[in-house]
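Structure data (compact mmCIF, N, CA and C atoms) from entry.txt:
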```txt
# COMPACT_ATOMS: atom_id res chain seq x y z
N MET P 48 89.90 113.01 70.85
CA MET P 48 90.80 111.89 70.67
C MET P 48 91.86 111.91 71.77
N LEU P 49 92.10 110.74 72.37
CA LEU P 49 93.13 110.59 73.38
C LEU P 49 94.39 110.10 72.69
N SER P 50 95.50 110.78 72.93
CA SER P 50 96.79 110.41 72.36
C SER P 50 97.63 109.74 73.44
N LEU P 51 98.10 108.53 73.14
CA LEU P 51 98.84 107.73 74.12
C LEU P 51 100.11 107.19 73.47
N PRO P 52 101.30 107.57 73.99
CA PRO P 52 102.55 107.03 73.43
C PRO P 52 102.59 105.51 73.55
N ALA P 53 103.16 104.86 72.56
CA ALA P 53 103.20 103.39 72.51
C ALA P 53 103.82 102.80 73.78
N GLN P 54 104.86 103.41 74.31
CA GLN P 54 105.51 102.90 75.53
C GLN P 54 104.53 102.91 76.70
N LYS P 55 103.75 103.98 76.85
CA LYS P 55 102.78 104.07 77.94
C LYS P 55 101.62 103.10 77.70
N PHE P 56 101.25 102.93 76.44
CA PHE P 56 100.23 101.96 76.05
C PHE P 56 100.64 100.56 76.51
N GLU P 57 101.90 100.21 76.27
CA GLU P 57 102.42 98.90 76.66
C GLU P 57 102.46 98.75 78.18
N GLU P 58 102.74 99.84 78.90
CA GLU P 58 102.74 99.81 80.37
C GLU P 58 101.34 99.50 80.90
N VAL P 59 100.33 100.13 80.32
CA VAL P 59 98.95 99.88 80.72
C VAL P 59 98.60 98.41 80.46
N ILE P 60 98.93 97.90 79.29
CA ILE P 60 98.64 96.52 78.93
C ILE P 60 99.32 95.56 79.91
N ALA P 61 100.60 95.79 80.21
CA ALA P 61 101.34 94.91 81.12
C ALA P 61 100.71 94.92 82.51
N PHE P 62 100.31 96.07 82.99
CA PHE P 62 99.69 96.19 84.32
C PHE P 62 98.37 95.43 84.36
N CYS P 63 97.58 95.56 83.31
CA CYS P 63 96.28 94.88 83.25
C CYS P 63 96.46 93.36 83.18
N LYS P 64 97.44 92.90 82.42
CA LYS P 64 97.69 91.46 82.32
C LYS P 64 98.17 90.90 83.65
N ARG P 65 99.05 91.63 84.34
CA ARG P 65 99.56 91.17 85.64
C ARG P 65 98.44 91.08 86.68
N GLY P 66 97.47 91.96 86.60
CA GLY P 66 96.40 91.99 87.58
C GLY P 66 95.29 90.99 87.35
N TYR P 67 95.24 90.41 86.17
CA TYR P 67 94.19 89.45 85.83
C TYR P 67 94.22 88.29 86.83
N PRO P 68 93.09 87.81 87.35
CA PRO P 68 91.72 88.02 86.91
C PRO P 68 90.98 89.15 87.65
N SER P 69 91.71 89.97 88.36
CA SER P 69 91.08 91.10 89.06
C SER P 69 91.10 92.34 88.17
N GLU P 70 90.18 93.25 88.44
CA GLU P 70 90.23 94.55 87.79
C GLU P 70 91.39 95.33 88.39
N VAL P 71 92.12 96.00 87.53
CA VAL P 71 93.16 96.91 87.97
C VAL P 71 92.76 98.31 87.54
N CYS P 72 93.41 99.29 88.12
CA CYS P 72 93.05 100.67 87.80
C CYS P 72 94.26 101.57 87.92
N GLY P 73 94.14 102.75 87.35
CA GLY P 73 95.22 103.72 87.42
C GLY P 73 94.78 105.04 86.81
N LEU P 74 95.71 105.97 86.80
CA LEU P 74 95.42 107.31 86.31
C LEU P 74 96.29 107.64 85.10
N LEU P 75 95.77 108.52 84.27
CA LEU P 75 96.47 109.02 83.09
C LEU P 75 96.85 110.47 83.36
N LEU P 76 98.13 110.77 83.30
CA LEU P 76 98.61 112.12 83.54
C LEU P 76 99.10 112.71 82.23
N GLY P 77 98.82 113.98 82.01
CA GLY P 77 99.28 114.62 80.78
C GLY P 77 98.77 116.03 80.66
N LYS P 78 98.63 116.46 79.42
CA LYS P 78 98.11 117.79 79.10
C LYS P 78 97.04 117.63 78.05
N THR P 79 95.93 118.30 78.25
CA THR P 79 94.77 118.23 77.37
C THR P 79 94.39 116.77 77.16
N LYS P 80 94.58 116.22 75.97
CA LYS P 80 94.24 114.82 75.70
C LYS P 80 95.46 114.01 75.30
N LYS P 81 96.63 114.45 75.77
CA LYS P 81 97.87 113.73 75.45
C LYS P 81 98.46 113.16 76.74
N VAL P 82 98.49 111.83 76.82
CA VAL P 82 99.02 111.15 78.00
C VAL P 82 100.54 111.22 77.98
N GLU P 83 101.11 111.59 79.12
CA GLU P 83 102.57 111.63 79.25
C GLU P 83 103.07 110.67 80.31
N GLN P 84 102.23 110.36 81.29
CA GLN P 84 102.62 109.44 82.36
C GLN P 84 101.45 108.53 82.71
N ILE P 85 101.78 107.32 83.13
CA ILE P 85 100.80 106.36 83.62
C ILE P 85 101.07 106.20 85.12
N PHE P 86 100.01 106.20 85.90
CA PHE P 86 100.16 106.07 87.35
C PHE P 86 99.28 104.92 87.84
N PRO P 87 99.85 103.71 87.98
CA PRO P 87 99.06 102.58 88.49
C PRO P 87 98.56 102.87 89.91
N ALA P 88 97.40 102.32 90.23
CA ALA P 88 96.80 102.52 91.55
C ALA P 88 96.31 101.18 92.09
N ARG P 89 96.04 101.17 93.36
CA ARG P 89 95.50 99.97 94.00
C ARG P 89 93.98 99.94 93.87
N ASN P 90 93.46 98.74 93.68
CA ASN P 90 92.02 98.51 93.69
C ASN P 90 91.65 98.10 95.11
N LEU P 91 90.91 98.94 95.80
CA LEU P 91 90.54 98.64 97.18
C LEU P 91 89.34 97.70 97.29
N ASN P 92 88.64 97.45 96.20
CA ASN P 92 87.47 96.58 96.23
C ASN P 92 87.93 95.13 96.10
N GLN P 93 88.17 94.49 97.21
CA GLN P 93 88.62 93.10 97.19
C GLN P 93 87.46 92.11 97.16
N GLU P 94 86.29 92.53 97.58
CA GLU P 94 85.13 91.63 97.59
C GLU P 94 84.63 91.33 96.18
N ARG P 95 84.72 92.32 95.29
CA ARG P 95 84.25 92.13 93.91
C ARG P 95 85.33 92.53 92.92
N ALA P 96 86.56 92.17 93.22
CA ALA P 96 87.69 92.58 92.39
C ALA P 96 87.60 92.08 90.96
N SER P 97 86.80 91.05 90.71
CA SER P 97 86.69 90.52 89.35
C SER P 97 85.81 91.38 88.46
N ASP P 98 84.98 92.25 89.07
CA ASP P 98 84.11 93.08 88.22
C ASP P 98 83.89 94.49 88.76
N ARG P 99 84.67 94.92 89.72
CA ARG P 99 84.57 96.28 90.25
C ARG P 99 85.95 96.77 90.66
N TYR P 100 86.10 98.09 90.63
CA TYR P 100 87.31 98.65 91.20
C TYR P 100 86.94 99.89 92.01
N GLU P 101 87.76 100.12 93.01
CA GLU P 101 87.66 101.33 93.82
C GLU P 101 89.07 101.87 93.94
N LEU P 102 89.35 102.93 93.21
CA LEU P 102 90.68 103.50 93.18
C LEU P 102 91.05 104.04 94.55
N ASP P 103 92.20 103.66 95.05
CA ASP P 103 92.68 104.07 96.37
C ASP P 103 92.84 105.60 96.41
N PRO P 104 92.14 106.28 97.32
CA PRO P 104 92.26 107.75 97.41
C PRO P 104 93.69 108.22 97.66
N ALA P 105 94.48 107.42 98.38
CA ALA P 105 95.88 107.79 98.62
C ALA P 105 96.66 107.79 97.30
N ASP P 106 96.36 106.83 96.43
CA ASP P 106 97.01 106.78 95.12
C ASP P 106 96.55 107.94 94.24
N PHE P 107 95.27 108.31 94.34
CA PHE P 107 94.77 109.47 93.60
C PHE P 107 95.54 110.72 94.03
N LYS P 108 95.69 110.89 95.33
CA LYS P 108 96.42 112.06 95.86
C LYS P 108 97.87 112.04 95.40
N ALA P 109 98.52 110.88 95.46
CA ALA P 109 99.91 110.77 95.03
C ALA P 109 100.04 111.09 93.53
N ALA P 110 99.09 110.62 92.72
CA ALA P 110 99.13 110.90 91.29
C ALA P 110 98.95 112.39 91.03
N ASP P 111 98.03 113.01 91.76
CA ASP P 111 97.81 114.45 91.61
C ASP P 111 99.06 115.24 91.98
N GLU P 112 99.71 114.86 93.07
CA GLU P 112 100.94 115.54 93.48
C GLU P 112 102.06 115.34 92.46
N SER P 113 102.17 114.14 91.93
CA SER P 113 103.17 113.84 90.90
C SER P 113 102.90 114.67 89.65
N ALA P 114 101.64 114.74 89.26
CA ALA P 114 101.27 115.52 88.08
C ALA P 114 101.66 116.99 88.27
N ARG P 115 101.34 117.54 89.42
CA ARG P 115 101.64 118.96 89.68
C ARG P 115 103.15 119.23 89.64
N ARG P 116 103.94 118.32 90.20
CA ARG P 116 105.40 118.48 90.19
C ARG P 116 105.94 118.53 88.76
N GLN P 117 105.27 117.82 87.85
CA GLN P 117 105.72 117.73 86.46
C GLN P 117 104.98 118.70 85.54
N CYS P 118 104.20 119.60 86.13
CA CYS P 118 103.37 120.54 85.36
C CYS P 118 102.40 119.80 84.43
N LEU P 119 101.83 118.73 84.94
CA LEU P 119 100.84 117.94 84.21
C LEU P 119 99.54 117.97 84.99
N GLU P 120 98.53 117.30 84.45
CA GLU P 120 97.23 117.20 85.10
C GLU P 120 96.76 115.75 85.03
N ILE P 121 95.81 115.40 85.88
CA ILE P 121 95.12 114.12 85.71
C ILE P 121 94.13 114.34 84.57
N ILE P 122 94.31 113.60 83.48
CA ILE P 122 93.42 113.78 82.33
C ILE P 122 92.48 112.59 82.14
N GLY P 123 92.71 111.55 82.92
CA GLY P 123 91.83 110.40 82.79
C GLY P 123 92.22 109.25 83.70
N PHE P 124 91.53 108.15 83.46
CA PHE P 124 91.70 106.95 84.28
C PHE P 124 91.70 105.74 83.36
N TYR P 125 92.25 104.64 83.84
CA TYR P 125 92.15 103.39 83.10
C TYR P 125 91.82 102.28 84.08
N HIS P 126 91.15 101.26 83.56
CA HIS P 126 90.90 100.05 84.34
C HIS P 126 90.64 98.90 83.39
N SER P 127 90.73 97.70 83.94
CA SER P 127 90.52 96.52 83.11
C SER P 127 89.14 95.93 83.34
N HIS P 128 88.69 95.19 82.34
CA HIS P 128 87.46 94.39 82.43
C HIS P 128 87.87 92.94 82.20
N PRO P 129 88.13 92.18 83.28
CA PRO P 129 88.50 90.78 83.11
C PRO P 129 87.36 89.95 82.50
N ASP P 130 87.67 89.30 81.40
CA ASP P 130 86.73 88.41 80.71
C ASP P 130 85.43 89.10 80.31
N HIS P 131 85.51 90.39 80.03
CA HIS P 131 84.36 91.17 79.55
C HIS P 131 84.84 92.17 78.50
N PRO P 132 83.94 92.62 77.65
CA PRO P 132 84.30 93.61 76.63
C PRO P 132 84.69 94.94 77.26
N PRO P 133 85.39 95.78 76.51
CA PRO P 133 85.84 97.07 77.03
C PRO P 133 84.78 98.17 76.92
N ASP P 134 83.54 97.79 77.10
CA ASP P 134 82.45 98.76 77.02
C ASP P 134 82.18 99.33 78.41
N ALA P 135 81.84 100.60 78.45
CA ALA P 135 81.56 101.26 79.72
C ALA P 135 80.28 100.68 80.32
N SER P 136 80.40 100.17 81.53
CA SER P 136 79.25 99.58 82.22
C SER P 136 78.41 100.69 82.86
N GLN P 137 77.27 100.29 83.39
CA GLN P 137 76.43 101.25 84.11
C GLN P 137 77.19 101.81 85.32
N THR P 138 77.93 100.94 86.01
CA THR P 138 78.72 101.39 87.15
C THR P 138 79.80 102.37 86.70
N ASP P 139 80.47 102.07 85.59
CA ASP P 139 81.49 102.99 85.04
C ASP P 139 80.86 104.35 84.76
N THR P 140 79.70 104.34 84.16
CA THR P 140 79.02 105.59 83.80
C THR P 140 78.61 106.36 85.05
N GLU P 141 78.06 105.69 86.03
CA GLU P 141 77.61 106.35 87.25
C GLU P 141 78.75 106.98 88.03
N ARG P 142 79.95 106.40 87.93
CA ARG P 142 81.10 106.89 88.70
C ARG P 142 81.99 107.84 87.91
N ALA P 143 81.69 108.05 86.65
CA ALA P 143 82.53 108.89 85.79
C ALA P 143 82.30 110.37 86.07
N TRP P 144 83.34 111.15 85.79
CA TRP P 144 83.29 112.60 85.89
C TRP P 144 83.47 113.19 84.50
N GLU P 145 82.72 114.23 84.22
CA GLU P 145 82.87 114.90 82.92
C GLU P 145 84.27 115.52 82.82
N GLY P 146 84.77 115.55 81.60
CA GLY P 146 86.06 116.19 81.34
C GLY P 146 87.23 115.22 81.38
N TYR P 147 87.00 113.96 81.75
CA TYR P 147 88.08 112.98 81.84
C TYR P 147 87.89 111.88 80.81
N CYS P 148 89.01 111.28 80.40
CA CYS P 148 88.99 110.12 79.51
C CYS P 148 89.03 108.87 80.36
N TYR P 149 88.35 107.84 79.90
CA TYR P 149 88.30 106.56 80.61
C TYR P 149 88.72 105.46 79.64
N LEU P 150 89.89 104.92 79.87
CA LEU P 150 90.43 103.85 79.05
C LEU P 150 90.04 102.52 79.69
N ILE P 151 89.36 101.66 78.94
CA ILE P 151 88.95 100.36 79.46
C ILE P 151 89.64 99.27 78.64
N VAL P 152 90.32 98.37 79.34
CA VAL P 152 91.11 97.32 78.72
C VAL P 152 90.42 95.98 78.97
N SER P 153 90.06 95.30 77.89
CA SER P 153 89.43 93.99 77.97
C SER P 153 90.52 92.92 78.03
N VAL P 154 90.51 92.11 79.11
CA VAL P 154 91.50 91.05 79.28
C VAL P 154 90.75 89.72 79.39
N TYR P 155 90.95 88.86 78.38
CA TYR P 155 90.33 87.53 78.36
C TYR P 155 91.40 86.48 78.61
N LYS P 156 91.20 85.70 79.67
CA LYS P 156 92.11 84.61 80.01
C LYS P 156 93.57 85.07 80.02
N GLY P 157 93.80 86.27 80.55
CA GLY P 157 95.15 86.79 80.70
C GLY P 157 95.72 87.51 79.50
N LYS P 158 94.96 87.59 78.41
CA LYS P 158 95.44 88.26 77.19
C LYS P 158 94.57 89.48 76.91
N VAL P 159 95.22 90.57 76.57
CA VAL P 159 94.48 91.79 76.23
C VAL P 159 93.85 91.59 74.86
N GLU P 160 92.53 91.77 74.80
CA GLU P 160 91.79 91.58 73.57
C GLU P 160 91.51 92.89 72.84
N LYS P 161 91.08 93.89 73.60
CA LYS P 161 90.67 95.15 72.98
C LYS P 161 90.71 96.26 74.01
N ILE P 162 90.90 97.48 73.52
CA ILE P 162 90.94 98.65 74.38
C ILE P 162 90.06 99.73 73.75
N LYS P 163 89.24 100.36 74.60
CA LYS P 163 88.40 101.46 74.13
C LYS P 163 88.56 102.64 75.09
N CYS P 164 88.33 103.80 74.54
CA CYS P 164 88.39 105.04 75.32
C CYS P 164 86.98 105.64 75.36
N TRP P 165 86.59 106.12 76.54
CA TRP P 165 85.25 106.66 76.75
C TRP P 165 85.33 108.03 77.41
N ARG P 166 84.28 108.80 77.22
CA ARG P 166 84.15 110.11 77.85
C ARG P 166 82.68 110.29 78.24
N LEU P 167 82.45 110.84 79.43
CA LEU P 167 81.10 111.09 79.90
C LEU P 167 80.54 112.33 79.21
N ASN P 168 79.38 112.18 78.60
CA ASN P 168 78.66 113.29 77.97
C ASN P 168 77.25 113.29 78.54
N GLY P 169 77.00 114.22 79.44
CA GLY P 169 75.70 114.24 80.10
C GLY P 169 75.57 113.07 81.03
N ASP P 170 74.64 112.16 80.71
CA ASP P 170 74.43 111.00 81.57
C ASP P 170 74.83 109.68 80.89
N ARG P 171 75.60 109.79 79.80
CA ARG P 171 76.02 108.55 79.13
C ARG P 171 77.47 108.65 78.66
N MET P 172 78.06 107.51 78.47
CA MET P 172 79.44 107.45 77.99
C MET P 172 79.42 107.34 76.47
N THR P 173 80.31 108.08 75.83
CA THR P 173 80.47 107.98 74.39
C THR P 173 81.90 107.58 74.08
N GLU P 174 82.04 106.74 73.08
CA GLU P 174 83.37 106.28 72.72
C GLU P 174 84.16 107.41 72.07
N GLU P 175 85.43 107.48 72.43
CA GLU P 175 86.34 108.48 71.89
C GLU P 175 87.47 107.75 71.19
N LYS P 176 87.97 108.32 70.14
CA LYS P 176 89.07 107.70 69.40
C LYS P 176 90.34 107.68 70.25
N LEU P 177 91.08 106.57 70.17
CA LEU P 177 92.35 106.41 70.85
C LEU P 177 93.45 106.34 69.80
N GLU P 178 94.42 107.20 69.93
CA GLU P 178 95.57 107.20 69.01
C GLU P 178 96.81 106.80 69.78
N VAL P 179 97.44 105.70 69.36
CA VAL P 179 98.70 105.25 69.96
C VAL P 179 99.81 105.79 69.07
N THR P 180 100.68 106.59 69.67
CA THR P 180 101.73 107.29 68.91
C THR P 180 103.11 106.69 69.18
N ASN P 181 104.06 107.02 68.33
CA ASN P 181 105.43 106.56 68.49
C ASN P 181 106.25 107.40 69.46
N GLY P 182 105.75 108.55 69.83
CA GLY P 182 106.58 109.42 70.67
C GLY P 182 105.94 109.90 71.91
```
Using structure tokens, write down the structure that the file contains.
Amino acid sequence: MLSLPAQKFEEVIAFCKRGYPSEVCGLLLGKTKKVEQIFPARNLNQERASDRYELDPADFKAADESARRQCLEIIGFYHSHPDHPPDASQTDTERAWEGYCYLIVSVYKGKVEKIKCWRLNGDRMTEEKLEVTNG
């Protein structure tokens, strides 16, 4: 189960809504499965921004350095699916790394509809419970 404070949950939602109709992406920083920081990143895939993302390696490096300064780790990633369900696609599965959580935010016509959390198990993604906490 991924634990995400309500304030950070709202930050992810706001970022995804602002980026619509393009896919947005970012990193989840924390400890084990508890998110403590959200790190928005740039989507370098401008040719297919409506259905693909390529997280900027410079942003990945900056997030990793920020996490280390705070004694945190990169525990996962998030991205939006504009006008599509929050299900892990074949591309999401092929690019996923084991050990990380993948939060997918479904944004329809600028409004967040649903959010799911996924984890790579072998060669497929399995849904993981998401807990939004008050603290």
Work out how far atom CA of P:Arg115 is from atom N of P:Glu101, in Å to one decimal.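 So the two atoms, atom N of P:Glu101 and atom CA of P:Arg115, lie 23.6 Å apart.
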Quick one: residues within 7 Å of stretch 156-167 of chain P, all atoms listed in the file counted, chain neighbours fewer than 4 positions away excluded, as a JSON list (two decimals) with N, CA and C atoms, in the coordinates of the input?
```json
[["chain", "number", "residue", "atom", "x", "y", "z"],
["P", 60, "ILE", "N", 98.93, 97.90, 79.29],
["P", 60, "ILE", "CA", 98.64, 96.52, 78.93],
["P", 60, "ILE", "C", 99.32, 95.56, 79.91],
["P", 63, "CYS", "N", 97.58, 95.56, 83.31],
["P", 63, "CYS", "CA", 96.28, 94.88, 83.25],
["P", 63, "CYS", "C", 96.46, 93.36, 83.18],
["P", 64, "LYS", "N", 97.44, 92.90, 82.42],
["P", 64, "LYS", "CA", 97.69, 91.46, 82.32],
["P", 64, "LYS", "C", 98.17, 90.90, 83.65],
["P", 67, "TYR", "N", 95.24, 90.41, 86.17],
["P", 67, "TYR", "CA", 94.19, 89.45, 85.83],
["P", 67, "TYR", "C", 94.22, 88.29, 86.83],
["P", 68, "PRO", "N", 93.09, 87.81, 87.35],
["P", 68, "PRO", "CA", 91.72, 88.02, 86.91],
["P", 68, "PRO", "C", 90.98, 89.15, 87.65],
["P", 129, "PRO", "N", 88.13, 92.18, 83.28],
["P", 129, "PRO", "CA", 88.50, 90.78, 83.11],
["P", 129, "PRO", "C", 87.36, 89.95, 82.50],
["P", 130, "ASP", "N", 87.67, 89.30, 81.40],
["P", 130, "ASP", "CA", 86.73, 88.41, 80.71],
["P", 130, "ASP", "C", 85.43, 89.10, 80.31],
["P", 132, "PRO", "N", 83.94, 92.62, 77.65],
["P", 132, "PRO", "CA", 84.30, 93.61, 76.63],
["P", 132, "PRO", "C", 84.69, 94.94, 77.26],
["P", 133, "PRO", "N", 85.39, 95.78, 76.51],
["P", 133, "PRO", "CA", 85.84, 97.07, 77.03],
["P", 133, "PRO", "C", 84.78, 98.17, 76.92],
["P", 134, "ASP", "N", 83.54, 97.79, 77.10],
["P", 134, "ASP", "CA", 82.45, 98.76, 77.02],
["P", 134, "ASP", "C", 82.18, 99.33, 78.41],
["P", 143, "ALA", "N", 81.69, 108.05, 86.65],
["P", 143, "ALA", "CA", 82.53, 108.89, 85.79],
["P", 143, "ALA", "C", 82.30, 110.37, 86.07],
["P", 144, "TRP", "N", 83.34, 111.15, 85.79],
["P", 144, "TRP", "CA", 83.29, 112.60, 85.89],
["P", 144, "TRP", "C", 83.47, 113.19, 84.50],
["P", 145, "GLU", "N", 82.72, 114.23, 84.22],
["P", 145, "GLU", "CA", 82.87, 114.90, 82.92],
["P", 145, "GLU", "C", 84.27, 115.52, 82.82],
["P", 146, "GLY", "N", 84.77, 115.55, 81.60],
["P", 146, "GLY", "CA", 86.06, 116.19, 81.34],
["P", 146, "GLY", "C", 87.23, 115.22, 81.38],
["P", 147, "TYR", "N", 87.00, 113.96, 81.75],
["P", 147, "TYR", "CA", 88.08, 112.98, 81.84],
["P", 147, "TYR", "C", 87.89, 111.88, 80.81],
["P", 148, "CYS", "N", 89.01, 111.28, 80.40],
["P", 148, "CYS", "CA", 88.99, 110.12, 79.51],
["P", 148, "CYS", "C", 89.03, 108.87, 80.36],
["P", 149, "TYR", "N", 88.35, 107.84, 79.90],
["P", 149, "TYR", "CA", 88.30, 106.56, 80.61],
["P", 149, "TYR", "C", 88.72, 105.46, 79.64],
["P", 150, "LEU", "N", 89.89, 104.92, 79.87],
["P", 150, "LEU", "CA", 90.43, 103.85, 79.05],
["P", 150, "LEU", "C", 90.04, 102.52, 79.69],
["P", 151, "ILE", "N", 89.36, 101.66, 78.94],
["P", 151, "ILE", "CA", 88.95, 100.36, 79.46],
["P", 151, "ILE", "C", 89.64, 99.27, 78.64],
["P", 152, "VAL", "N", 90.32, 98.37, 79.34],
["P", 152, "VAL", "CA", 91.11, 97.32, 78.72],
["P", 152, "VAL", "C", 90.42, 95.98, 78.97],
["P", 171, "ARG", "N", 75.60, 109.79, 79.80],
["P", 171, "ARG", "CA", 76.02, 108.55, 79.13],
["P", 171, "ARG", "C", 77.47, 108.65, 78.66],
["P", 172, "MET", "N", 78.06, 107.51, 78.47],
["P", 172, "MET", "CA", 79.44, 107.45, 77.99],
["P", 172, "MET", "C", 79.42, 107.34, 76.47],
["P", 173, "THR", "N", 80.31, 108.08, 75.83],
["P", 173, "THR", "CA", 80.47, 107.98, 74.39],
["P", 173, "THR", "C", 81.90, 107.58, 74.08],
["P", 174, "GLU", "N", 82.04, 106.74, 73.08],
["P", 174, "GLU", "CA", 83.37, 106.28, 72.72],
["P", 174, "GLU", "C", 84.16, 107.41, 72.07],
["P", 175, "GLU", "N", 85.43, 107.48, 72.43],
["P", 175, "GLU", "CA", 86.34, 108.48, 71.89],
["P", 175, "GLU", "C", 87.47, 107.75, 71.19],
["P", 176, "LYS", "N", 87.97, 108.32, 70.14],
["P", 176, "LYS", "CA", 89.07, 107.70, 69.40],
["P", 176, "LYS", "C", 90.34, 107.68, 70.25],
["P", 177, "LEU", "N", 91.08, 106.57, 70.17],
["P", 177, "LEU", "CA", 92.35, 106.41, 70.85],
["P", 177, "LEU", "C", 93.45, 106.34, 69.80]]
```
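Nearest to P:Ile85 of all the residues P:His128, P:Arg116, P:Lys108, P:Lys55 is P:Lys55, based on only N, CA and C atoms.
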Please return as an NGL selection string: the residues of chain P that backbone DSSP assigns to helix (DSSP H, G or I). :P and (53-66 or 104-116 or 137-142)
At what distance in Å, to one decimal, does atom CA of P:Asp111 lie from atom N of P:Ala135? 24.9 Å
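Shortest atom-to-atom contact with P:Arg99 among P:Ser153, P:Gln84, P:Ser136, P:Gln117: P:Ser136, counting only C-alpha atoms.
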Neighbours of P:Tyr125 within 5 Å (all atoms listed in the file; same-chain residues fewer than 5 positions away dropped), as JSON, numbers by chain? {"P": [72, 73, 74, 150]}
Could you name the residues that touch P:Ser69 at 6.5 Å or less, counting all atoms listed in the file, but leaving out those on the same chain fewer than 5 positions away, as number ranges by chain? P: 96-98, 127, 129
Filtering to C-alpha atoms, could stretch 66-118 of chain P of the supplied structure be written out as a CSV table (one decimal), in the first residue's frame?
```csv
chain,number,residue,atom,x,y,z
P,66,GLY,CA,-0.8,20.0,-17.7
P,67,TYR,CA,-3.9,18.7,-19.5
P,68,PRO,CA,-4.3,17.8,-22.3
P,69,SER,CA,-0.6,16.6,-22.2
P,70,GLU,CA,0.7,13.9,-20.0
P,71,VAL,CA,2.6,15.2,-17.1
P,72,CYS,CA,5.1,13.3,-14.9
P,73,GLY,CA,7.0,13.5,-11.7
P,74,LEU,CA,8.6,11.6,-8.9
P,75,LEU,CA,7.5,10.4,-5.4
P,76,LEU,CA,10.1,10.9,-2.7
P,77,GLY,CA,9.8,9.2,0.7
P,78,LYS,CA,10.6,6.2,2.8
P,79,THR,CA,9.4,2.7,2.1
P,80,LYS,CA,5.9,3.2,0.8
P,81,LYS,CA,5.2,6.6,2.5
P,82,VAL,CA,5.4,9.6,0.2
P,83,GLU,CA,6.8,12.7,1.9
P,84,GLN,CA,7.6,14.9,-1.1
P,85,ILE,CA,6.3,15.4,-4.7
P,86,PHE,CA,8.8,16.3,-7.4
P,87,PRO,CA,7.2,17.5,-10.7
P,88,ALA,CA,9.3,16.8,-13.8
P,89,ARG,CA,9.3,17.9,-17.4
P,90,ASN,CA,7.8,15.6,-20.1
P,91,LEU,CA,10.4,15.7,-22.9
P,92,ASN,CA,8.1,13.8,-25.3
P,93,GLN,CA,6.5,16.7,-27.2
P,94,GLU,CA,5.6,14.7,-30.3
P,95,ARG,CA,3.2,12.4,-28.4
P,96,ALA,CA,2.6,14.4,-25.3
P,97,SER,CA,-1.1,13.5,-25.3
P,98,ASP,CA,-0.3,9.8,-24.7
P,99,ARG,CA,3.4,9.4,-23.8
P,100,TYR,CA,5.8,10.9,-21.4
P,101,GLU,CA,9.6,10.9,-21.2
P,102,LEU,CA,10.8,12.0,-17.8
P,103,ASP,CA,13.6,14.5,-18.1
P,104,PRO,CA,16.9,12.9,-16.9
P,105,ALA,CA,18.0,16.2,-15.4
P,106,ASP,CA,14.8,16.3,-13.3
P,107,PHE,CA,15.4,12.7,-12.2
P,108,LYS,CA,18.9,13.6,-11.1
P,109,ALA,CA,17.6,16.8,-9.3
P,110,ALA,CA,14.9,14.7,-7.5
P,111,ASP,CA,17.5,12.1,-6.5
P,112,GLU,CA,19.8,14.8,-5.1
P,113,SER,CA,16.9,16.4,-3.2
P,114,ALA,CA,15.8,13.1,-1.8
P,115,ARG,CA,19.4,12.4,-0.5
P,116,ARG,CA,19.7,15.8,1.1
P,117,GLN,CA,16.4,15.0,3.0
P,118,CYS,CA,17.4,11.4,3.9
```
